[in-house]
Every structure is written in structure tokens, then in C-alpha cells.
Amino acid sequence: MIADQFETFLFDLDGVIYLGDEALPHAVDGVNRLYEQNKRIRFLTNDPRPTRQAVASRLRELGIRVDKEEIVTAAWATAAHLRREGVTTAAAVGSEGLRTELRQQGITVTNESPDAVVVGVDEQTTYADIRRATRHIDQGAQFVGTNPDGAFPTPDGPAPGAGAIVRAVETSTGASPTVVGKPEPLMFEMALEGTDVVQNAVVIGDNPATDILGAHRAGLTGILVADEAPIAASSQDFTHPDEVIRSLSGLFSHTVTPWDNPQYSWPADIRPGVGAVILNESGEVLLLKRADKEQWALPTGTVERGEAVEEAILREVQEETGLQITVDRLTGVYSHPEQQVFSYPSGETVHFVTNCFLCSVDGGTLEADQDEALDVRFADTDRLPNRILPMHPRWITDAVEGTNVTIA
């Protein structure tokens, strides 16, 4: 049984434990049964408005014997993260519950030169609040969002969530926030702080885009509470649950194959890319030393809006190496995430679908631009540098020895 496979259970609340003011069938009995087995339990909610105490009181009214310390709200997790980062003062956009959680972590809530701006939401959030947050960030304050949810349900229909306010501030400042709530891994890291290894923990939620994606990004097994399994475009989709149960009674009748963490991060974006295998008259291949990782690589780049792939590779090569080239033929299209997902120092993760071309030199002067390329040179295809991007030797072989287009 799932209940026997794990020692720590991380439960979403709305849609898993309760719906509106009512407990869902088997939810209270299921959770209390885990308590009887001495399981470690945490309750996670992206709602940044209530305090942990308020959430604990609500669960006790439903019949779940929970301690406040077992509650992880987006507000509490944000405050705990800031405390861990050494932040001592913060401005807050959001509820009094958010301010309470900040103060309880020893953070002074102030609008006088705060170290950070925490953006959440409540029903009283105004344009003036957004303008205030924008001013603080423009003056150097760290930008932190409680959670990314664009909306939350109400009896009268959806209402703007913290994510809507975070994006308004992001648009007005041009700054990228640190976001704590699901599906960001930070929420799960805060929930698991002080517990045993990750393999002993499982996430149970009702939203593939937050609970399951967040679980998998954090390296955890994710179980979906739903009437039927969602359809995923790919078996490698991080939003695809490891198991589906209709209620928490399924924890005592189902088993699950634990999540097998892949060797790449979940990409926030997918982009068309281009690469060039450029040979000189001696059959040597052009390599450049990338400025970002100081590794040797083929010239590569991204197709910009309104640009054809051939235009993109001509532009990228000239910008990085100073050479004009002729495109001879398409040699491969490479998209496998294990080779084509890249994480940058900024924290951005991108999945590239790269079109690779065999090319020849048409003119120009070979010179590294010192922005993207630190050095450029031709190398013998049989004696490539040791420190070369791992997928590029195959691209070279496919271009030099192959006659068909490789799809990988």
C-alpha cells in the first residue's frame, strides 16, 4: 500500500482534504489513520492569506488532529525562506496573515527601505500597493512572490490570485521574482526541512500543474486525487502523476512506482535552436569556447521572431565568429530533453529543439566576439577537445559521415 511505502506525506488542502466548508469523503479518516501509523504529515496550501494557526483550527474542526507546525502555507514558507536568507526587513503586499507570518519569523514589516518586498494578495490589494512594491524594487529591494497562482476559486467565480499581482509588479519593474509556492521546489524544501531523505516523502494533490509538477521538480513522488488520470503529451511530462486515486482511501489500497528523477530540470520554456557544423578545406570543424560555461562547442543559437532557421544560423555564426557561411544541408534535428534541456546561471531552464546544418566558409575573418565566444578555432574531427559539450561530437559525426537527416 502507498501508506506503507512512505514515511512523510505532504497533502494539498482544497480538493484533497476539503472542498469549500466540507471535508471530502474518506479524507479525515485517511489522514487520522496515517497519524495512527506514526507517519509524518504536512499540509501544504498556496493560499497566502491565512496564518498557519487559522488553517490548523479549520482542520481540527473537521476532525483532523493537526499541530500548527504541520501546516505549510505560502505565507509561512515565504517568511521562513526570507529568514533563512538573512532578510530582516520586508514590505508586504497582501493579507494581515502574511504580515503575521513575517513578524513571527523575526522580520520587521516596514515601508522604510526594506530589504525585500513580499507580494501576495488579499481582497483589499490596490493599485497603490502595486506602485509601492514597484518603488521598493526599483530602489534595490529583493522581489519575492508568495505563489504563482493567477486566480483562486470563489462562490462567485474566479478572483485574481497572488500570481496576478506578482506579474503586475514584474511587468512594471522588469525584475524577475523569487517565487516560493507550488510548483516551485522551495515550498517542498521548506515542508521537508528537518525530515529524512526525499525518497521517504510523497505528495498528494489534485492539481497536476502545481502539486504534481511541484512534487517532481522537488524530486518527490506525486499522487493525484481525481476521478480519472489526465492525458499527458509525453511520458516525460513532469505534470503526469505517478498514481491516481479517487479519494484518500486509495492510500490503503493502491501502490505506486516512485518517481525516478531524470537528469535534467523541468524547462519553463521551449525554443527553436540552430547549430552549425562548419568544415574548412582540410575537413576540420569550427569550434568556439563558450563564455557561459567555458566549454568548446559548435556555433549555436536561437531562432528569433520573424526569422527563418537558415537566417538564424547565418546570423549566429557571423556574430560569434566573424565568418560568413553557406548552408549546404540539414543534417539533424535534436530534441531529446536529456541532451537539449539547459539550465543557466540566472535560473532559467530552456528546452531547445535544434536544427543542425552542415556548412562551408564563404568569407569573413575568424575572430571570437568575446561576448558569447571566448576563442574560436578549427579542430581535427578525430581529435576534438576533451572539454566539449557532450552532444556535439555526435552532431559532428552525423554531419560528416551521414547522408540522411538524424532525428533524435
# chains A, B, ... in the order shown; residues from 1 in each chain; ligands from 1

call {"tool": "residues_around", "arguments": {"residues": "A:Ala77", "least_positions_apart": "5", "cutoff": "7 Å", "atoms": "only C-alpha atoms", "output": "list in words"}}
result
Val72, Val180, Met187 and Met190 of chain A

call {"tool": "write_last_selection", "arguments": {"atoms": "N, CA and C atoms", "output": "PDB file, in the first residue's frame"}}
result
ATOM      1  N   VAL A  72       1.986  24.175   6.224  1.00  0.00           N
ATOM      2  CA  VAL A  72       2.913  24.938   5.391  1.00  0.00           C
ATOM      3  C   VAL A  72       2.077  25.775   4.426  1.00  0.00           C
ATOM      4  N   VAL A 180       7.924  31.314  -4.131  1.00  0.00           N
ATOM      5  CA  VAL A 180       8.087  30.251  -3.142  1.00  0.00           C
ATOM      6  C   VAL A 180       7.065  29.129  -3.303  1.00  0.00           C
ATOM      7  N   MET A 187       8.830  25.530  -1.862  1.00  0.00           N
ATOM      8  CA  MET A 187       7.723  25.185  -0.969  1.00  0.00           C
ATOM      9  C   MET A 187       7.931  23.801  -0.358  1.00  0.00           C
ATOM     10  N   MET A 190      10.931  23.688   2.107  1.00  0.00           N
ATOM     11  CA  MET A 190      10.579  24.213   3.428  1.00  0.00           C
ATOM     12  C   MET A 190       9.737  23.192   4.200  1.00  0.00           C
TER      13      MET A 190
END

call {"tool": "residues_around", "arguments": {"residues": "stretch 6-19 of chain A", "least_positions_apart": "6", "cutoff": "8 Å", "atoms": "only C-alpha atoms", "output": "PyMOL selection string"}}
result
chain A and resi 27-28+39-45+191+199-206+211+225+247-248

call {"tool": "write_last_selection", "arguments": {"atoms": "N, CA and C atoms", "output": "compact mmCIF listing (two decimals), in the first residue's frame"}}
result
# COMPACT_ATOMS: atom_id res chain seq x y z
N ALA A 27 -11.39 11.63 3.62
CA ALA A 27 -10.21 12.46 3.86
C ALA A 27 -9.81 12.44 5.33
N VAL A 28 -10.76 12.71 6.22
CA VAL A 28 -10.44 12.78 7.64
C VAL A 28 -10.00 11.42 8.15
N LYS A 39 2.99 8.24 10.94
CA LYS A 39 3.55 8.87 9.75
C LYS A 39 3.76 10.36 10.02
N ARG A 40 4.75 10.92 9.34
CA ARG A 40 4.97 12.37 9.41
C ARG A 40 4.11 13.04 8.35
N ILE A 41 3.33 14.05 8.75
CA ILE A 41 2.35 14.65 7.85
C ILE A 41 2.56 16.16 7.79
N ARG A 42 2.46 16.71 6.59
CA ARG A 42 2.46 18.16 6.38
C ARG A 42 1.29 18.50 5.46
N PHE A 43 0.67 19.64 5.71
CA PHE A 43 -0.43 20.13 4.88
C PHE A 43 0.05 21.40 4.18
N LEU A 44 0.00 21.40 2.84
CA LEU A 44 0.53 22.50 2.04
C LEU A 44 -0.60 23.24 1.34
N THR A 45 -0.57 24.57 1.41
CA THR A 45 -1.53 25.37 0.67
C THR A 45 -0.84 26.57 0.06
N ALA A 191 8.85 22.49 3.50
CA ALA A 191 7.99 21.50 4.16
C ALA A 191 8.81 20.32 4.68
N GLN A 199 13.43 10.40 -0.59
CA GLN A 199 12.79 9.18 -1.08
C GLN A 199 11.69 8.68 -0.15
N ASN A 200 11.66 9.14 1.09
CA ASN A 200 10.63 8.70 2.04
C ASN A 200 9.40 9.60 2.04
N ALA A 201 9.31 10.54 1.11
CA ALA A 201 8.21 11.50 1.10
C ALA A 201 7.39 11.39 -0.19
N VAL A 202 6.08 11.67 -0.07
CA VAL A 202 5.18 11.64 -1.21
C VAL A 202 4.24 12.83 -1.12
N VAL A 203 3.87 13.36 -2.28
CA VAL A 203 2.94 14.49 -2.37
C VAL A 203 1.60 13.99 -2.87
N ILE A 204 0.51 14.41 -2.21
CA ILE A 204 -0.85 14.05 -2.66
C ILE A 204 -1.58 15.35 -2.94
N GLY A 205 -1.99 15.56 -4.20
CA GLY A 205 -2.67 16.79 -4.58
C GLY A 205 -3.72 16.54 -5.65
N ASP A 206 -4.44 17.61 -6.01
CA ASP A 206 -5.49 17.49 -7.02
C ASP A 206 -5.21 18.29 -8.27
N ASP A 211 0.62 20.73 -7.87
CA ASP A 211 1.00 19.68 -6.92
C ASP A 211 1.94 18.64 -7.54
N VAL A 225 -5.28 13.11 -6.76
CA VAL A 225 -6.63 12.75 -6.35
C VAL A 225 -7.58 13.23 -7.44
N SER A 247 -9.91 8.95 -3.85
CA SER A 247 -10.01 9.57 -2.52
C SER A 247 -8.83 9.08 -1.69
N LEU A 248 -8.70 9.59 -0.48
CA LEU A 248 -7.56 9.19 0.34
C LEU A 248 -7.66 7.74 0.82

call {"tool": "residues_around", "arguments": {"residues": "A:Glu112", "least_positions_apart": "4", "cutoff": "10 Å", "atoms": "only C-alpha atoms", "output": "MDAnalysis selection string"}}
result
chainID A and resid 89:91 136

call {"tool": "residues_around", "arguments": {"residues": "A:Val117", "least_positions_apart": "4", "cutoff": "9 Å", "atoms": "only C-alpha atoms", "output": "list in words"}}
result
Thr89, Ala90, Ala91, Ala92, Val93, Ala133, Thr134, His136, Ile137, Ala141, Gln142, Phe143, Val144 and Gly145 of chain A

call {"tool": "write_last_selection", "arguments": {"atoms": "N, CA and C atoms", "output": "mmCIF file, in the first residue's frame"}}
result
data_model
loop_
_atom_site.group_PDB
_atom_site.id
_atom_site.type_symbol
_atom_site.label_atom_id
_atom_site.label_comp_id
_atom_site.auth_asym_id
_atom_site.auth_seq_id
_atom_site.Cartn_x
_atom_site.Cartn_y
_atom_site.Cartn_z
ATOM 1 N N THR A 89 14.169 42.903 7.170
ATOM 2 C CA THR A 89 13.071 43.853 6.973
ATOM 3 C C THR A 89 12.401 43.588 5.631
ATOM 4 N N ALA A 90 11.082 43.734 5.583
ATOM 5 C CA ALA A 90 10.353 43.473 4.338
ATOM 6 C C ALA A 90 9.089 44.316 4.281
ATOM 7 N N ALA A 91 8.786 44.796 3.091
ATOM 8 C CA ALA A 91 7.468 45.371 2.813
ATOM 9 C C ALA A 91 6.569 44.246 2.338
ATOM 10 N N ALA A 92 5.278 44.356 2.614
ATOM 11 C CA ALA A 92 4.349 43.283 2.272
ATOM 12 C C ALA A 92 3.164 43.824 1.496
ATOM 13 N N VAL A 93 2.827 43.138 0.406
ATOM 14 C CA VAL A 93 1.584 43.369 -0.329
ATOM 15 C C VAL A 93 0.737 42.130 -0.122
ATOM 16 N N ALA A 133 5.156 48.527 -4.139
ATOM 17 C CA ALA A 133 6.106 47.431 -4.350
ATOM 18 C C ALA A 133 7.082 47.759 -5.476
ATOM 19 N N THR A 134 6.566 48.363 -6.543
ATOM 20 C CA THR A 134 7.408 48.743 -7.678
ATOM 21 C C THR A 134 8.484 49.715 -7.244
ATOM 22 N N HIS A 136 9.838 50.139 -4.220
ATOM 23 C CA HIS A 136 10.847 49.490 -3.371
ATOM 24 C C HIS A 136 11.819 48.650 -4.201
ATOM 25 N N ILE A 137 11.287 47.903 -5.175
ATOM 26 C CA ILE A 137 12.141 47.056 -6.005
ATOM 27 C C ILE A 137 13.062 47.916 -6.862
ATOM 28 N N ALA A 141 15.256 46.679 -3.438
ATOM 29 C CA ALA A 141 14.731 45.618 -2.579
ATOM 30 C C ALA A 141 14.609 44.310 -3.358
ATOM 31 N N GLN A 142 14.844 43.197 -2.667
ATOM 32 C CA GLN A 142 14.656 41.871 -3.255
ATOM 33 C C GLN A 142 13.169 41.632 -3.520
ATOM 34 N N PHE A 143 12.847 41.021 -4.662
ATOM 35 C CA PHE A 143 11.465 40.796 -5.086
ATOM 36 C C PHE A 143 11.109 39.329 -4.847
ATOM 37 N N VAL A 144 10.118 39.087 -3.966
ATOM 38 C CA VAL A 144 9.705 37.726 -3.627
ATOM 39 C C VAL A 144 8.192 37.618 -3.771
ATOM 40 N N GLY A 145 7.732 36.566 -4.465
ATOM 41 C CA GLY A 145 6.302 36.298 -4.593
ATOM 42 C C GLY A 145 5.917 35.099 -3.747
#

call {"tool": "residues_around", "arguments": {"residues": "A:Trp395", "least_positions_apart": "2", "cutoff": "9 Å", "atoms": "only C-alpha atoms", "output": "PyMOL selection string"}}
result
chain A and resi 275+277+298+331-332+334+356+391-393+397-400+406

call {"tool": "closest_residue", "arguments": {"among": "A:Val166, A:Ala215, A:Ile407, A:Ala291", "to": "A:Pro258", "atoms": "only C-alpha atoms"}}
result
A:Ala215

call {"tool": "closest_residue", "arguments": {"among": "A:Gly402, A:Pro183, A:Gly250, A:Gly194", "to": "A:Pro208", "atoms": "only C-alpha atoms"}}
result
A:Pro183

call {"tool": "atom_distance", "arguments": {"atom1": "atom CA of A:Ala75", "atom2": "atom CA of A:Gly106"}}
result
13.9 Å

call {"tool": "atom_distance", "arguments": {"atom1": "atom CA of A:Thr365", "atom2": "atom CA of A:Leu384"}}
result
22.4 Å

call {"tool": "closest_residue", "arguments": {"among": "A:Leu389, A:Ile396, A:Ile270, A:Ile325", "to": "A:Val341", "atoms": "only C-alpha atoms"}}
result
A:Ile270
